[in-house]
>>> print(open('structure.cif').read())   # mmCIF, C-alpha atoms and all ligand atoms
data_model
#
loop_
_atom_site.label_atom_id
_atom_site.label_comp_id
_atom_site.auth_asym_id
_atom_site.auth_seq_id
_atom_site.Cartn_x
_atom_site.Cartn_y
_atom_site.Cartn_z
CA MET A 1 -41.57 16.47 -54.12
CA GLU A 2 -43.16 17.68 -50.86
CA LYS A 3 -43.76 14.92 -48.28
CA VAL A 4 -46.71 15.45 -45.97
CA VAL A 5 -45.92 14.04 -42.52
CA VAL A 6 -48.55 14.06 -39.76
CA VAL A 7 -47.34 13.39 -36.18
CA THR A 8 -49.77 12.88 -33.29
CA GLY A 9 -48.53 13.93 -29.85
CA ALA A 10 -45.91 16.14 -31.52
CA ASN A 11 -45.70 18.87 -28.91
CA SER A 12 -43.30 17.11 -26.52
CA GLY A 13 -40.96 14.19 -25.88
CA ILE A 14 -40.34 11.64 -28.60
CA GLY A 15 -42.86 13.16 -31.05
CA LEU A 16 -41.21 16.59 -30.91
CA ALA A 17 -37.71 15.06 -31.20
CA LEU A 18 -38.89 13.18 -34.32
CA CYS A 19 -40.14 16.45 -35.87
CA GLU A 20 -36.78 18.10 -35.20
CA ARG A 21 -34.95 15.15 -36.78
CA LEU A 22 -37.22 15.07 -39.84
CA LEU A 23 -36.70 18.77 -40.54
CA SER A 24 -32.92 18.37 -40.12
CA SER A 25 -32.72 15.51 -42.60
CA ASP A 26 -35.19 16.45 -45.36
CA SER A 27 -36.03 19.94 -46.63
CA GLN A 28 -39.03 18.58 -48.56
CA VAL A 29 -40.93 17.65 -45.41
CA ARG A 30 -44.21 19.43 -44.71
CA LEU A 31 -44.99 18.74 -41.06
CA CYS A 32 -48.39 18.69 -39.42
CA LEU A 33 -48.25 18.69 -35.61
CA ALA A 34 -51.50 17.04 -34.44
CA CYS A 35 -51.93 18.02 -30.78
CA ARG A 36 -54.67 18.38 -28.18
CA ASN A 37 -53.05 21.33 -26.41
CA MET A 38 -52.71 24.21 -28.88
CA GLU A 39 -50.62 26.36 -26.56
CA ARG A 40 -47.98 23.63 -26.30
CA ALA A 41 -48.36 22.98 -30.03
CA GLU A 42 -47.62 26.68 -30.77
CA ALA A 43 -44.55 26.51 -28.50
CA ALA A 44 -43.33 23.35 -30.29
CA ARG A 45 -43.84 24.99 -33.68
CA ALA A 46 -41.91 28.09 -32.56
CA ALA A 47 -39.05 25.89 -31.28
CA LEU A 48 -38.89 24.00 -34.59
CA LEU A 49 -38.91 27.21 -36.60
CA THR A 50 -36.07 28.64 -34.52
CA SER A 51 -33.71 25.99 -35.89
CA HIS A 52 -35.46 25.57 -39.30
CA SER A 53 -36.72 29.03 -40.25
CA SER A 54 -37.93 28.12 -43.75
CA ALA A 55 -39.67 24.89 -42.73
CA ARG A 56 -43.38 24.29 -43.37
CA VAL A 57 -44.93 23.41 -40.01
CA ASP A 58 -48.73 23.29 -39.70
CA LEU A 59 -50.79 22.80 -36.54
CA LEU A 60 -53.88 20.66 -36.18
CA HIS A 61 -56.11 20.41 -33.15
CA LEU A 62 -56.57 16.72 -32.34
CA ASP A 63 -57.57 15.03 -29.10
CA VAL A 64 -57.00 11.46 -30.12
CA GLY A 65 -58.92 10.28 -27.04
CA SER A 66 -62.17 11.89 -28.21
CA VAL A 67 -64.24 10.53 -31.10
CA PRO A 68 -65.78 13.91 -32.13
CA SER A 69 -62.32 15.52 -32.07
CA VAL A 70 -60.83 12.76 -34.27
CA LEU A 71 -63.67 13.08 -36.80
CA GLY A 72 -63.34 16.89 -36.86
CA ALA A 73 -59.55 16.77 -37.22
CA ALA A 74 -59.80 14.23 -40.07
CA GLU A 75 -62.23 16.53 -41.93
CA GLU A 76 -59.78 19.40 -41.51
CA VAL A 77 -56.87 17.27 -42.81
CA LYS A 78 -58.93 16.32 -45.89
CA THR A 79 -59.47 19.98 -46.74
CA ARG A 80 -55.77 20.84 -46.27
CA TYR A 81 -53.90 18.00 -47.99
CA SER A 82 -54.48 15.87 -51.06
CA ARG A 83 -52.45 12.92 -49.68
CA ILE A 84 -50.48 11.90 -46.59
CA ASP A 85 -47.04 10.33 -47.01
CA PHE A 86 -46.38 9.47 -43.35
CA LEU A 87 -48.76 9.28 -40.42
CA TYR A 88 -46.91 8.83 -37.11
CA LEU A 89 -49.29 7.42 -34.47
CA ASN A 90 -47.27 8.58 -31.51
CA ALA A 91 -49.59 10.20 -28.92
CA GLY A 92 -49.88 8.08 -25.80
CA ILE A 93 -50.74 8.13 -22.12
CA MET A 94 -49.99 6.11 -19.02
CA PRO A 95 -52.34 7.50 -16.34
CA ASN A 96 -51.79 7.00 -12.59
CA PRO A 97 -48.89 4.55 -12.82
CA THR A 98 -47.73 2.59 -9.76
CA VAL A 99 -44.36 0.82 -9.48
CA ASP A 100 -44.43 -2.40 -7.47
CA ILE A 101 -41.40 -1.84 -5.20
CA ARG A 102 -41.42 -5.40 -3.83
CA ALA A 103 -41.45 -6.86 -7.34
CA PHE A 104 -38.64 -4.46 -8.27
CA PHE A 105 -36.31 -5.67 -5.47
CA LYS A 106 -37.28 -9.29 -6.08
CA GLY A 107 -36.48 -8.84 -9.79
CA LEU A 108 -33.21 -7.09 -9.00
CA PHE A 109 -31.77 -10.27 -7.51
CA SER A 110 -33.24 -12.65 -10.09
CA ARG A 111 -31.98 -13.95 -13.41
CA ASN A 112 -34.71 -11.88 -15.06
CA VAL A 113 -33.17 -8.55 -14.07
CA ILE A 114 -32.15 -7.36 -17.56
CA ASN A 115 -35.57 -8.22 -18.98
CA MET A 116 -37.20 -6.39 -16.05
CA PHE A 117 -35.28 -3.20 -16.85
CA ALA A 118 -35.98 -3.54 -20.57
CA THR A 119 -39.71 -4.32 -20.44
CA ALA A 120 -40.89 -3.40 -16.89
CA GLU A 121 -42.60 -6.81 -16.80
CA GLY A 122 -44.41 -7.28 -13.48
CA LEU A 123 -43.44 -3.80 -12.27
CA LEU A 124 -46.09 -1.40 -13.46
CA THR A 125 -49.86 -1.04 -13.10
CA GLN A 126 -52.14 1.85 -14.02
CA GLN A 127 -55.56 3.12 -13.02
CA ASP A 128 -57.79 3.68 -16.03
CA GLN A 129 -61.21 5.35 -16.35
CA LEU A 130 -64.04 5.81 -18.84
CA ASN A 131 -63.88 8.82 -21.18
CA SER A 132 -66.78 10.95 -22.47
CA ASP A 133 -67.38 8.48 -25.34
CA GLY A 134 -67.82 5.62 -22.83
CA LEU A 135 -64.50 4.02 -23.82
CA GLN A 136 -61.58 3.11 -21.56
CA GLU A 137 -59.28 6.13 -21.74
CA VAL A 138 -55.97 4.33 -22.35
CA PHE A 139 -57.44 2.14 -25.10
CA ALA A 140 -59.21 5.15 -26.64
CA THR A 141 -56.08 7.32 -26.67
CA ASN A 142 -53.30 4.88 -27.42
CA LEU A 143 -55.21 2.77 -29.91
CA PHE A 144 -58.83 3.41 -30.92
CA GLY A 145 -58.58 7.16 -31.65
CA HIS A 146 -55.65 6.42 -33.93
CA PHE A 147 -57.56 3.57 -35.61
CA LEU A 148 -60.51 5.89 -36.27
CA LEU A 149 -58.15 8.54 -37.63
CA ILE A 150 -56.66 6.03 -40.08
CA ARG A 151 -60.15 4.89 -41.15
CA GLU A 152 -61.23 8.51 -41.74
CA LEU A 153 -58.04 9.35 -43.64
CA GLU A 154 -58.08 6.27 -45.88
CA PRO A 155 -58.86 8.37 -48.98
CA LEU A 156 -55.58 10.27 -48.40
CA LEU A 157 -53.61 7.21 -47.32
CA CYS A 158 -54.70 4.81 -50.07
CA GLN A 159 -54.12 6.85 -53.21
CA PRO A 160 -53.72 4.93 -56.48
CA GLY A 161 -50.07 4.72 -57.61
CA HIS A 162 -48.82 6.16 -54.32
CA THR A 163 -47.38 4.60 -51.17
CA SER A 164 -48.31 5.89 -47.71
CA ARG A 165 -46.88 4.83 -44.37
CA LEU A 166 -48.18 4.42 -40.83
CA VAL A 167 -45.68 4.25 -37.96
CA TRP A 168 -46.87 3.32 -34.45
CA THR A 169 -44.92 4.24 -31.33
CA SER A 170 -45.33 0.99 -29.44
CA SER A 171 -43.35 -0.16 -26.41
CA SER A 172 -41.24 -2.96 -24.99
CA ASN A 173 -43.95 -3.06 -22.31
CA ALA A 174 -46.45 -4.48 -24.89
CA ARG A 175 -47.19 -8.00 -23.66
CA ARG A 176 -49.52 -10.66 -25.03
CA SER A 177 -50.47 -11.87 -21.54
CA ALA A 178 -51.71 -8.36 -20.63
CA PHE A 179 -54.17 -8.41 -23.54
CA SER A 180 -57.45 -10.30 -23.64
CA ILE A 181 -59.47 -10.71 -26.84
CA GLU A 182 -62.58 -10.94 -24.60
CA ASP A 183 -61.76 -7.55 -23.05
CA ILE A 184 -60.02 -5.54 -25.78
CA GLN A 185 -60.41 -2.24 -23.88
CA HIS A 186 -58.86 -3.78 -20.75
CA ARG A 187 -61.84 -2.84 -18.55
CA ARG A 188 -61.02 -5.47 -15.97
CA GLY A 189 -57.20 -5.54 -15.73
CA LYS A 190 -54.53 -3.35 -14.17
CA GLU A 191 -52.20 -3.07 -17.18
CA PRO A 192 -54.16 -1.00 -19.71
CA TYR A 193 -50.93 0.52 -21.09
CA SER A 194 -49.30 -2.83 -21.85
CA SER A 195 -52.58 -4.10 -23.33
CA SER A 196 -53.04 -1.03 -25.57
CA LYS A 197 -49.47 -1.28 -26.88
CA TYR A 198 -49.87 -5.00 -27.63
CA ALA A 199 -53.10 -4.07 -29.41
CA SER A 200 -51.21 -1.57 -31.59
CA ASP A 201 -48.72 -4.30 -32.55
CA MET A 202 -51.60 -6.52 -33.68
CA LEU A 203 -53.40 -3.70 -35.47
CA SER A 204 -50.27 -2.85 -37.45
CA LEU A 205 -50.03 -6.44 -38.69
CA ALA A 206 -53.75 -6.52 -39.58
CA LEU A 207 -53.50 -3.22 -41.47
CA ASN A 208 -50.64 -4.66 -43.53
CA THR A 209 -52.73 -7.73 -44.33
CA HIS A 210 -55.72 -5.66 -45.42
CA LYS A 211 -54.19 -2.50 -46.87
CA ASN A 212 -50.82 -3.29 -48.51
CA LYS A 213 -52.60 -3.91 -51.82
CA GLN A 214 -53.91 -0.34 -51.65
CA GLY A 215 -50.41 1.05 -51.07
CA LEU A 216 -50.67 1.53 -47.30
CA PHE A 217 -47.87 0.08 -45.14
CA SER A 218 -47.75 -0.02 -41.34
CA SER A 219 -44.80 -0.49 -38.94
CA VAL A 220 -44.24 -0.50 -35.19
CA ILE A 221 -41.30 0.87 -33.30
CA CYS A 222 -40.18 0.88 -29.67
CA PRO A 223 -38.30 3.98 -28.48
CA GLY A 224 -36.69 2.31 -25.43
CA LEU A 225 -36.79 3.95 -22.01
CA VAL A 226 -36.82 7.71 -22.59
CA MET A 227 -36.96 10.61 -20.12
CA THR A 228 -40.17 12.45 -21.06
CA ASN A 229 -43.35 13.73 -19.40
CA LEU A 230 -44.61 10.15 -19.51
CA THR A 231 -41.69 8.77 -17.46
CA TYR A 232 -41.77 11.81 -15.12
CA GLY A 233 -45.33 10.71 -14.37
CA ILE A 234 -44.02 7.33 -13.13
CA LEU A 235 -41.35 8.68 -10.79
CA PRO A 236 -40.64 12.36 -9.99
CA SER A 237 -37.98 14.09 -12.08
CA PHE A 238 -35.65 14.63 -9.09
CA PHE A 239 -35.62 10.83 -8.54
CA TRP A 240 -34.70 10.18 -12.17
CA THR A 241 -31.90 12.80 -11.89
CA LEU A 242 -30.67 11.13 -8.73
CA ILE A 243 -30.49 7.66 -10.28
CA MET A 244 -29.10 8.86 -13.64
CA PRO A 245 -25.56 7.49 -12.92
CA ILE A 246 -27.14 4.07 -12.24
CA MET A 247 -29.08 4.35 -15.50
CA TRP A 248 -25.87 5.02 -17.42
CA LEU A 249 -24.37 1.97 -15.73
CA ILE A 250 -27.39 -0.20 -16.64
CA ARG A 251 -26.81 0.86 -20.26
CA ILE A 252 -23.75 -1.41 -20.28
CA PHE A 253 -26.08 -4.41 -19.81
CA THR A 254 -29.15 -3.33 -21.80
CA ASN A 255 -29.15 -1.18 -24.94
CA THR A 256 -32.83 -0.25 -24.39
CA PHE A 257 -32.05 2.73 -22.12
CA THR A 258 -32.03 5.31 -24.91
CA LEU A 259 -32.84 8.00 -22.31
CA THR A 260 -32.98 11.14 -24.52
CA PRO A 261 -35.97 11.92 -26.78
CA TYR A 262 -33.50 12.35 -29.68
CA ALA A 263 -32.17 8.78 -29.22
CA GLY A 264 -35.69 7.45 -28.55
CA ALA A 265 -36.82 8.87 -31.91
CA GLU A 266 -34.03 6.93 -33.72
CA ALA A 267 -36.29 4.13 -35.04
CA LEU A 268 -39.09 6.58 -35.95
CA HIS A 269 -36.62 8.57 -38.03
CA TRP A 270 -35.01 5.43 -39.47
CA MET A 271 -38.47 4.33 -40.67
CA PHE A 272 -38.75 7.53 -42.68
CA LEU A 273 -35.63 6.55 -44.64
CA GLN A 274 -36.67 2.95 -45.44
CA LYS A 275 -38.52 1.48 -48.42
CA PRO A 276 -41.67 -0.22 -47.04
CA GLU A 277 -41.02 -3.41 -49.06
CA SER A 278 -37.78 -3.93 -47.11
CA LEU A 279 -39.58 -3.99 -43.73
CA ASP A 280 -40.89 -7.03 -41.88
CA PRO A 281 -44.57 -6.57 -40.84
CA ARG A 282 -43.99 -8.99 -37.93
CA ALA A 283 -41.02 -7.07 -36.55
CA LYS A 284 -40.91 -4.28 -34.01
CA TYR A 285 -38.08 -1.87 -34.77
CA HIS A 286 -36.26 -0.84 -31.60
CA SER A 287 -34.36 2.37 -30.95
CA LEU A 288 -31.24 1.23 -29.11
CA THR A 289 -28.21 2.95 -27.60
CA SER A 290 -24.95 1.13 -26.97
CA GLY A 291 -22.86 1.51 -23.79
CA LEU A 292 -20.68 3.94 -25.75
CA GLY A 293 -23.68 6.07 -26.67
CA THR A 294 -24.19 5.05 -30.33
CA ASN A 295 -27.82 5.10 -31.47
CA TYR A 296 -29.08 2.46 -33.89
CA THR A 297 -32.25 0.57 -34.95
CA GLU A 298 -32.75 -3.19 -34.72
CA PRO A 299 -35.76 -5.37 -35.64
CA ARG A 300 -37.10 -7.98 -33.21
CA ILE A 301 -39.88 -10.41 -34.11
CA MET A 302 -43.13 -9.77 -32.19
CA ASP A 303 -45.13 -12.39 -30.32
CA LEU A 304 -48.24 -12.26 -32.56
CA ASP A 305 -51.01 -14.73 -33.27
CA ASP A 306 -52.54 -14.43 -36.77
CA GLU A 307 -55.96 -15.72 -35.80
CA MET A 308 -56.29 -13.44 -32.77
CA THR A 309 -55.03 -10.49 -34.84
CA GLU A 310 -57.83 -11.01 -37.39
CA VAL A 311 -60.49 -11.39 -34.67
CA PHE A 312 -59.18 -8.22 -33.02
CA PHE A 313 -59.37 -6.33 -36.32
CA SER A 314 -63.01 -7.33 -36.84
CA LYS A 315 -63.81 -6.34 -33.24
CA LEU A 316 -62.33 -2.90 -33.90
CA LEU A 317 -64.45 -2.49 -37.04
CA GLU A 318 -67.49 -3.53 -35.02
CA LEU A 319 -66.66 -1.04 -32.27
CA GLU A 320 -66.17 1.66 -34.90
CA ARG A 321 -69.70 1.01 -36.24
CA ALA A 322 -71.15 1.13 -32.69
CA VAL A 323 -69.33 4.38 -31.88
CA ARG A 324 -70.52 6.04 -35.11
CA ARG A 325 -74.09 4.84 -34.47
CA ASN A 326 -73.97 6.20 -30.93
CA LEU A 327 -72.66 9.53 -32.14
CA SER A 328 -75.33 9.97 -34.82
CA GLU A 329 -78.04 9.05 -32.27
CA LYS A 330 -76.62 11.65 -29.89
CA THR A 331 -76.57 14.24 -32.69
CA ALA A 332 -80.16 13.35 -33.62
CA ASP A 333 -81.17 13.62 -29.95
CA SER A 334 -79.60 17.04 -29.60
CA GLU A 335 -81.26 18.16 -32.86
CA HIS A 336 -84.64 17.03 -31.48
CA TYR A 337 -83.86 18.83 -28.26
CA GLN A 338 -82.92 21.98 -30.19
CA GLN A 339 -86.15 21.82 -32.23
CA TYR A 340 -88.12 21.40 -29.01
CA ILE A 341 -86.33 24.39 -27.45
CA ASN A 342 -87.02 26.48 -30.56
CA ARG A 343 -90.73 25.58 -30.43
CA THR A 344 -91.14 26.51 -26.75
N1 LIG A 401 -40.98 7.60 -22.65
C1 LIG A 401 -40.80 6.30 -22.77
O1 LIG A 401 -39.93 5.69 -22.10
C2 LIG A 401 -41.62 5.53 -23.74
C3 LIG A 401 -42.66 6.11 -24.46
N2 LIG A 401 -43.38 5.35 -25.34
C4 LIG A 401 -44.45 5.95 -26.14
O2 LIG A 401 -43.97 7.09 -26.81
C5 LIG A 401 -45.07 7.93 -27.15
C6 LIG A 401 -44.69 9.36 -26.86
O3 LIG A 401 -44.57 9.50 -25.45
P1 LIG A 401 -43.44 10.36 -24.74
O4 LIG A 401 -42.79 11.25 -25.71
O5 LIG A 401 -42.61 9.43 -23.94
O6 LIG A 401 -44.30 11.16 -23.68
P2 LIG A 401 -44.87 12.64 -23.68
O7 LIG A 401 -45.84 12.67 -22.57
O8 LIG A 401 -43.79 13.63 -23.72
O9 LIG A 401 -45.62 12.72 -25.07
C7 LIG A 401 -46.89 12.22 -25.27
C8 LIG A 401 -47.55 13.08 -26.32
O10 LIG A 401 -48.85 12.55 -26.57
C9 LIG A 401 -49.77 13.61 -26.46
N3 LIG A 401 -51.09 13.15 -26.08
C10 LIG A 401 -51.47 12.48 -24.98
N4 LIG A 401 -52.79 12.28 -24.98
C11 LIG A 401 -53.25 12.84 -26.12
C12 LIG A 401 -54.53 12.98 -26.69
N5 LIG A 401 -55.63 12.52 -26.09
N6 LIG A 401 -54.64 13.61 -27.87
C13 LIG A 401 -53.55 14.11 -28.50
N7 LIG A 401 -52.32 14.02 -28.00
C14 LIG A 401 -52.18 13.41 -26.82
C15 LIG A 401 -49.19 14.53 -25.40
O11 LIG A 401 -49.80 15.78 -25.48
P3 LIG A 401 -50.05 16.72 -24.19
O12 LIG A 401 -48.87 17.61 -24.11
O13 LIG A 401 -51.32 17.44 -24.53
O14 LIG A 401 -50.20 15.82 -23.02
C16 LIG A 401 -47.74 14.51 -25.84
O15 LIG A 401 -47.53 15.37 -26.92
C17 LIG A 401 -46.26 7.40 -26.36
O16 LIG A 401 -47.09 6.66 -27.23
C18 LIG A 401 -45.63 6.48 -25.34
O17 LIG A 401 -46.50 5.46 -24.95
C19 LIG A 401 -43.09 4.04 -25.56
C20 LIG A 401 -42.08 3.42 -24.89
C21 LIG A 401 -41.27 4.12 -23.92
C1 LIG A 402 -32.64 1.90 -10.99
C2 LIG A 402 -33.78 2.16 -11.88
C3 LIG A 402 -33.48 2.36 -13.30
C4 LIG A 402 -35.02 2.19 -11.37
C5 LIG A 402 -36.26 2.42 -12.16
C6 LIG A 402 -37.19 1.25 -12.07
C7 LIG A 402 -38.45 1.41 -12.90
C8 LIG A 402 -39.20 2.65 -12.49
C9 LIG A 402 -38.12 1.40 -14.42
C10 LIG A 402 -37.43 0.08 -14.79
C11 LIG A 402 -37.87 -0.26 -16.20
C12 LIG A 402 -38.60 0.98 -16.67
C13 LIG A 402 -39.45 0.99 -17.91
C14 LIG A 402 -40.50 1.87 -18.03
C15 LIG A 402 -40.87 2.79 -16.89
C16 LIG A 402 -39.86 2.84 -15.75
C17 LIG A 402 -39.30 1.46 -15.40
C18 LIG A 402 -40.45 0.59 -14.97
C19 LIG A 402 -41.43 1.86 -19.24
C20 LIG A 402 -42.62 1.03 -18.87
C21 LIG A 402 -41.93 3.26 -19.62
C22 LIG A 402 -42.90 3.26 -20.75
C23 LIG A 402 -42.69 2.22 -21.76
O1 LIG A 402 -43.42 2.22 -22.74
C24 LIG A 402 -41.69 1.14 -21.62
C25 LIG A 402 -40.72 1.32 -20.49
C26 LIG A 402 -40.02 -0.01 -20.15
C27 LIG A 402 -39.02 0.12 -19.04
#
>>> encode(input="structure.cif", output="structure tokens", more="lines below")
Ligand SMILES: NC(=O)C1=CN([C@@H]2O[C@H](COP(=O)(O)OP(=O)(O)OC[C@H]3O[C@@H](n4cnc5c(N)ncnc54)[C@H](OP(=O)(O)O)[C@@H]3O)[C@@H](O)[C@H]2O)C=CC1
Ligand SMILES: CC(C)=CCC[C@@H](C)[C@H]1CC[C@H]2C3=C(CC[C@]12C)[C@@]1(C)CCC(=O)C[C@@H]1CC3
Amino acid sequence: MEKVVVVTGANSGIGLALCERLLSSDSQVRLCLACRNMERAEAARAALLTSHSSARVDLLHLDVGSVPSVLGAAEEVKTRYSRIDFLYLNAGIMPNPTVDIRAFFKGLFSRNVINMFATAEGLLTQQDQLNSDGLQEVFATNLFGHFLLIRELEPLLCQPGHTSRLVWTSSSNARRSAFSIEDIQHRRGKEPYSSSKYASDMLSLALNTHKNKQGLFSSVICPGLVMTNLTYGILPSFFWTLIMPIMWLIRIFTNTFTLTPYAGAEALHWMFLQKPESLDPRAKYHSLTSGLGTNYTEPRIMDLDDEMTEVFFSKLLELERAVRRNLSEKTADSEHYQQYINRT
């Protein structure tokens, strides 16, 4: 039977590598590439069809960082498909990153060095801004837009007698101490990326608590450190090329340097092959690569607090109501404005 698989941020990096892997392993897959840039989406589709000429690959315009775009895309999905088997919540941004060089050299000669390379703890900050919906951009893109998409697609994800799956591309950079329940959008801090990824870990757990009974199962994965547009935004590509031999060397000490999008997509692809009942909702499934270059997936228990997770979930529902209210007021305002224009 055909399996409908929607992937956000599918036009490059880990998302595109996942699509390639899915088409290689299952001829029943019907892919939907949900992307904000349709030119890049077309190019990704063409590349996929070059190696899989008979594959079904649809395109969907979705800017996950914009509320009207998410609502419009969800409407379009509802007209196209009767159910969704897998929804990969993969699109993500890390705007204006800065590496703390002093912290890097300090960490290099500390006992924490392996953890520093695996999680970037204490190394990275970002500069965030408000988007057109009045939300913090990193929170809106990495988390809230995806949450709204899930809420809108619930009729297709919670079908009686059918199991649907959500898979979040989280990160080893997700850290509880970067997240504040008093400031869920991370308006005041300098680690919006880490905060948004920790938020996705919590949301996944909450969705399992509230939606498993309706046949919807959620999981989180970590792709490791992968060379993509996101990492080329942290340091220039020539620098990464220069230090590549060192990166291969570091691989001997940490299996989190997956480096290629193909290897980074290991856990995302592995998820596709698993029965949801066999997965631990408290585990993050890591794509790992051994020193000899073997790719594999391993679960690691996340640092989650049940009470905070529930409070966070209710705050998201509250924010969703506020955003919808704001949008309908704006629509009403523009209708009034239009009527006024028509009268004059
Ligand atoms: N690379 C790494 O080392 C790691 C990456 N990750 C996560 O992996 C995921 C994929 O990133 P990666 O492949 O590395 O990087 P890329 O930049 O290659 O991919 C990110 C994808 O997300 C899309 N995207 C960004 N913003 C939006 C938006 N508003 N609406 C729709 N799509 C959007 C991008 O589209 P566009 O082309 O339009 O920008 C692109 O397709 C992210 O969630 C990232 O946080 C996690 C851990 C490590
Ligand atoms: C010698 C060498 C490898 C230098 C690079 C130092 C840092 C720039 C990297 C060390 C750990 C990296 C890392 C990420 C970005 C680059 C580093 C900070 C991520 C934050 C990228 C996005 C993620 O989601 C997790 C990654 C963790 C590790």
>>> closest_residue(input="structure.cif", among="A:Ser218, A:Thr125, A:Thr169, A:Ser196", to="Leu279 in chain A", atoms="only C-alpha atoms")
A:Ser218
>>> residues_around(input="structure.cif", residues="Leu230 in chain A", least_positions_apart="2", cutoff="9 Å", atoms="all atoms listed in the file", output="list in words")
Gly13, Gly92, Ile93, Met94, Pro95, Val226, Met227, Thr228, Tyr232, Gly233 and Ile234 of chain A
>>> residues_near_ligand(input="structure.cif", ligand="ligand LIG 401 (chain A)", cutoff="7 Å", atoms="only C-alpha atoms and all ligand atoms", output="ChimeraX atom specification")
/A:8-15,34-37,40,62-66,90-94,141-142,169-172,222-231,261
>>> write_last_selection(input="structure.cif", atoms="C-alpha atoms", output="CSV table (one decimal), keeping the file's coordinate frame")
chain,number,residue,atom,x,y,z
A,8,THR,CA,-49.8,12.9,-33.3
A,9,GLY,CA,-48.5,13.9,-29.8
A,10,ALA,CA,-45.9,16.1,-31.5
A,11,ASN,CA,-45.7,18.9,-28.9
A,12,SER,CA,-43.3,17.1,-26.5
A,13,GLY,CA,-41.0,14.2,-25.9
A,14,ILE,CA,-40.3,11.6,-28.6
A,15,GLY,CA,-42.9,13.2,-31.0
A,34,ALA,CA,-51.5,17.0,-34.4
A,35,CYS,CA,-51.9,18.0,-30.8
A,36,ARG,CA,-54.7,18.4,-28.2
A,37,ASN,CA,-53.0,21.3,-26.4
A,40,ARG,CA,-48.0,23.6,-26.3
A,62,LEU,CA,-56.6,16.7,-32.3
A,63,ASP,CA,-57.6,15.0,-29.1
A,64,VAL,CA,-57.0,11.5,-30.1
A,65,GLY,CA,-58.9,10.3,-27.0
A,66,SER,CA,-62.2,11.9,-28.2
A,90,ASN,CA,-47.3,8.6,-31.5
A,91,ALA,CA,-49.6,10.2,-28.9
A,92,GLY,CA,-49.9,8.1,-25.8
A,93,ILE,CA,-50.7,8.1,-22.1
A,94,MET,CA,-50.0,6.1,-19.0
A,141,THR,CA,-56.1,7.3,-26.7
A,142,ASN,CA,-53.3,4.9,-27.4
A,169,THR,CA,-44.9,4.2,-31.3
A,170,SER,CA,-45.3,1.0,-29.4
A,171,SER,CA,-43.4,-0.2,-26.4
A,172,SER,CA,-41.2,-3.0,-25.0
A,222,CYS,CA,-40.2,0.9,-29.7
A,223,PRO,CA,-38.3,4.0,-28.5
A,224,GLY,CA,-36.7,2.3,-25.4
A,225,LEU,CA,-36.8,4.0,-22.0
A,226,VAL,CA,-36.8,7.7,-22.6
A,227,MET,CA,-37.0,10.6,-20.1
A,228,THR,CA,-40.2,12.4,-21.1
A,229,ASN,CA,-43.4,13.7,-19.4
A,230,LEU,CA,-44.6,10.2,-19.5
A,231,THR,CA,-41.7,8.8,-17.5
A,261,PRO,CA,-36.0,11.9,-26.8
>>> closest_residue(input="structure.cif", among="A:His186, A:His61, A:Arg21, A:His286", to="ligand LIG 402 (chain A)", atoms="only C-alpha atoms and all ligand atoms")
A:His286
>>> residues_around(input="structure.cif", residues="Val77 in chain A", least_positions_apart="2", cutoff="12 Å", atoms="only C-alpha atoms", output="ChimeraX atom specification")
/A:4-6,32-34,58-62,70-75,79-84,87,149-150,152-157
>>> closest_residue(input="structure.cif", among="A:Leu89, A:Val67, A:Ala44, A:Leu259", to="ligand LIG 402 (chain A)", atoms="only C-alpha atoms and all ligand atoms")
A:Leu259
>>> residues_around(input="structure.cif", residues="Thr163 in chain A", least_positions_apart="6", cutoff="8 Å", atoms="only C-alpha atoms", output="PyMOL selection string")
chain A and resi 85+157+215-217
>>> atom_distance(input="structure.cif", atom1="CA of Leu108 in chain A", atom2="CA of Thr241 in chain A")
20.1 Å
>>> residues_around(input="structure.cif", residues="Pro299 in chain A", least_positions_apart="6", cutoff="9 Å", atoms="only C-alpha atoms", output="list in words")
Ile221, Asp280, Ala283, Lys284, Tyr285 and His286 of chain A
>>> write_last_selection(input="structure.cif", atoms="C-alpha atoms", output="PDB file, keeping the file's coordinate frame")
ATOM      1  CA  ILE A 221     -41.300   0.870 -33.300  1.00  0.00           C
ATOM      2  CA  ASP A 280     -40.890  -7.030 -41.880  1.00  0.00           C
ATOM      3  CA  ALA A 283     -41.020  -7.070 -36.550  1.00  0.00           C
ATOM      4  CA  LYS A 284     -40.910  -4.280 -34.010  1.00  0.00           C
ATOM      5  CA  TYR A 285     -38.080  -1.870 -34.770  1.00  0.00           C
ATOM      6  CA  HIS A 286     -36.260  -0.840 -31.600  1.00  0.00           C
TER       7      HIS A 286
END
>>> residues_around(input="structure.cif", residues="Val99 in chain A", least_positions_apart="2", cutoff="12 Å", atoms="only C-alpha atoms", output="JSON, numbers by chain")
{"A": [96, 97, 101, 102, 103, 104, 105, 120, 121, 122, 123, 124, 125, 126, 127, 190, 191, 231, 233, 234, 235]}
>>> atom_distance(input="structure.cif", atom1="CA of Ala17 in chain A", atom2="CA of Leu304 in chain A")
29.3 Å
>>> closest_residue(input="structure.cif", among="A:Ser110, A:Ser219, A:Ser69, A:Ser177", to="Asp133 in chain A", atoms="all atoms listed in the file")
A:Ser69
>>> closest_residue(input="structure.cif", among="A:Arg187, A:Lys213, A:Arg324, A:Arg175", to="ligand LIG 402 (chain A)", atoms="all atoms listed in the file")
A:Arg175
>>> closest_residue(input="structure.cif", among="A:Thr119, A:Asn212, A:Ser194, A:Gln185", to="Pro276 in chain A", atoms="only C-alpha atoms")
A:Asn212
>>> atom_distance(input="structure.cif", atom1="CA of Glu266 in chain A", atom2="CA of Trp168 in chain A")
13.4 Å
